[in-house]
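Novice: Attaching a single structure in structure tokens format; questions to follow.
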Amino acid sequence: MAEQHISGLEAPRGLNVLVTGAAGGMCRGINKRLGLAGHTLLCVDLDLARCQAAVEELRAEGITAHAFAADVTRPDDVARLRADVKDMVGDVHALINAAGILDRKMLLDHDVDSFSRAININLVGPFALIRAFAEDFIAANWGRIVNVSSIAGTTGYPYPSYAASKAGLSNLTRSLLVDFWGTGITVNSICPGVVDTPMVIQEVRDQVPNKVPTGRIVDPDEIGAAIAFLLTDDARSINGADLVIDGGATQVFRLFEPARG
Ligand SMILES: NC(=O)c1ccc[n+]([C@@H]2O[C@H](COP(=O)([O-])OP(=O)(O)OC[C@H]3O[C@@H](n4cnc5c(N)ncnc54)[C@H](O)[C@@H]3O)[C@@H](O)[C@H]2O)c1
């Protein structure tokens with residue numbers, strides 16, 4: 001059967017996908033699932049050595065991946081990254097903003113500098129990457145942007161810089177729909193709950209059976225699978241979503257202990 005072409009709105013095959021925070025725990029799952037879907041990975045992290053190690057692991061699985069060092073908060077790094085990536089693979093088709101920090105400071109532990117740092121990494125960084133690649137997506141009339149937000153951005157949370165930055169990131173996501181109106185570009189957020197990465201401390205892991213209706217911690221692969229779907233043409237009408245992947249944790253309000261079988 002002949003391939004159906006919707007002019008200018010069809011995904012290129014084997015996307016060039018740029019992933020920030022690519023050396024991190026969640027990106028183990030994200031990179032793997034995107035790589036197994038046949039995409040070329042442009043792995044970006046502050047920590048080049050860990051990023052290169054992650055790329056080596058992907059290559060050992062037959063995935064095409066390249067490592068780049070960049071601090072997403074530095075405009076000169078982002079500009080250099082865009083140029084380097086273009087030299088290496090040409091256009092970027094999809095951007096996954098996963099770089100982030102969780103600064104476990106409550107109000108009185110914070111000062112303006114520490115609060116601003118978290119906002120810079122978790123919110124200004126994704127903005128900088130989107131701004132850097134937006135014109136390329138518009139020129140191609142196609143693109144996928146996925147911002148890794150958090151359920152901590154959907155409710156109050158003990159660590160205000162994290163909660164505020166992620167709430168901002170989810171609303172940045174929705175706001176950009178206007179800029180990309182009428183194009184084949186979609187912008188979505190993922191809001192993970194407790195995911196099995198080094199970011200999650202033991203105290204939180206211990207609460208999972210009582211706080212998460214599925215009774216289990218989310219595997220980074222599950223986040224990768226959801227993002228892989230968002231990059232497909234089948235997901236072209238999913239736009240501006242804040243996709244919660246938390247085992248139902250934010251959907252229940254419990255004043256009682258769950259029944260156990
Ligand atoms: N682990 C969870 O349960 C969970 C839940 C919800 C959301 N998230 C979000 O998922 C994303 C990934 O988290 P993770 O658990 O993999 O954490 P992680 O700490 O393992 O990975 C984060 C990565 O971001 C990189 N990074 C930090 N600052 C950077 C900067 N300025 N420029 C470039 N890279 C930078 C780090 O070097 C690290 O490799 C984060 O945005 C986090 O907020 C995590």
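Chain labels A, B, ... are given in the sequence in which chains occur in the structure tokens; within each chain residues are numbered consecutively from 1, and ligands are likewise numbered from 1 in the order shown.
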Taking only C-alpha atoms into account, produce a table as CSV in which each residue of stretch 6-86 of chain A with an atom at most 10 Å from an atom of stretch 128-135 of chain A appears once, together with its shortest atom pair and the distance in Å to one decimal, ordered by chain and rising number.
Specialist:
```
residue,atom,partner,partner_atom,distance
A:Leu18,CA,A:Leu129,CA,9.6
A:Thr20,CA,A:Leu129,CA,9.0
A:Val72,CA,A:Ala128,CA,7.2
A:Thr73,CA,A:Ala128,CA,7.5
A:Arg74,CA,A:Ala128,CA,8.6
A:Pro75,CA,A:Ala128,CA,7.1
A:Val78,CA,A:Leu129,CA,6.7
A:Ala79,CA,A:Ala132,CA,7.1
A:Leu81,CA,A:Ala132,CA,9.5
A:Arg82,CA,A:Ala132,CA,7.1
```
Novice: Which residues of stretch 213-239 of chain A have any atom within 9 Å of an atom in stretch 172-190 of chain A when counting only C-alpha atoms, and what is the closest pair of atoms for each, with the distance in Å to one decimal? Order the rows by chain and rising number and write it as a tab-separated table.
Specialist:
```
residue	atom	partner	partner_atom	distance
A:Ile223	CA	A:Ile190	CA	8.1
A:Ala226	CA	A:Ile190	CA	8.5
A:Ile227	CA	A:Ile190	CA	8.0
A:Leu230	CA	A:Asn188	CA	8.2
A:Leu231	CA	A:Thr186	CA	8.9
A:Ala235	CA	A:Thr186	CA	8.9
A:Arg236	CA	A:Thr186	CA	6.9
A:Ser237	CA	A:Thr186	CA	7.9
A:Ile238	CA	A:Thr186	CA	7.3
A:Asn239	CA	A:Thr186	CA	5.2
```
Novice: I'd like the neighbourhood of stretch 66-71 of chain A as a short mmCIF file (atom, residue, chain, number, x, y, z; two decimals) with C-alpha atoms, in the first residue's frame, where a residue qualifies if any of its atoms comes within 7 Å (using only C-alpha atoms), though same-chain residues fewer than 3 positions away should be ignored.
Specialist:
```cif
data_model
loop_
_atom_site.label_atom_id
_atom_site.label_comp_id
_atom_site.auth_asym_id
_atom_site.auth_seq_id
_atom_site.Cartn_x
_atom_site.Cartn_y
_atom_site.Cartn_z
CA LEU A 41 19.93 10.26 20.34
CA LEU A 42 21.75 13.51 20.99
CA CYS A 43 22.53 13.10 24.67
CA VAL A 44 23.26 16.32 26.55
CA ASP A 45 24.37 16.68 30.14
CA LEU A 46 26.38 18.91 32.42
CA ASP A 47 28.45 15.86 33.28
CA LEU A 48 30.19 14.81 30.06
CA CYS A 51 26.94 11.24 29.49
CA GLN A 52 29.63 9.46 27.47
CA VAL A 55 26.11 6.75 25.26
CA ARG A 74 24.18 29.02 29.93
CA ASP A 77 26.52 26.53 25.87
CA VAL A 78 23.06 26.20 24.31
CA LEU A 81 25.22 22.86 21.34
#
```
Novice: As a quick test: using only C-alpha atoms and all ligand atoms, which residues lie no more than 7 Å away from ligand 1? Give them as a VMD selection string.
Specialist: chain A and resid 20 to 27 44 to 47 70 to 73 98 to 102 121 to 122 148 to 151 191 to 200
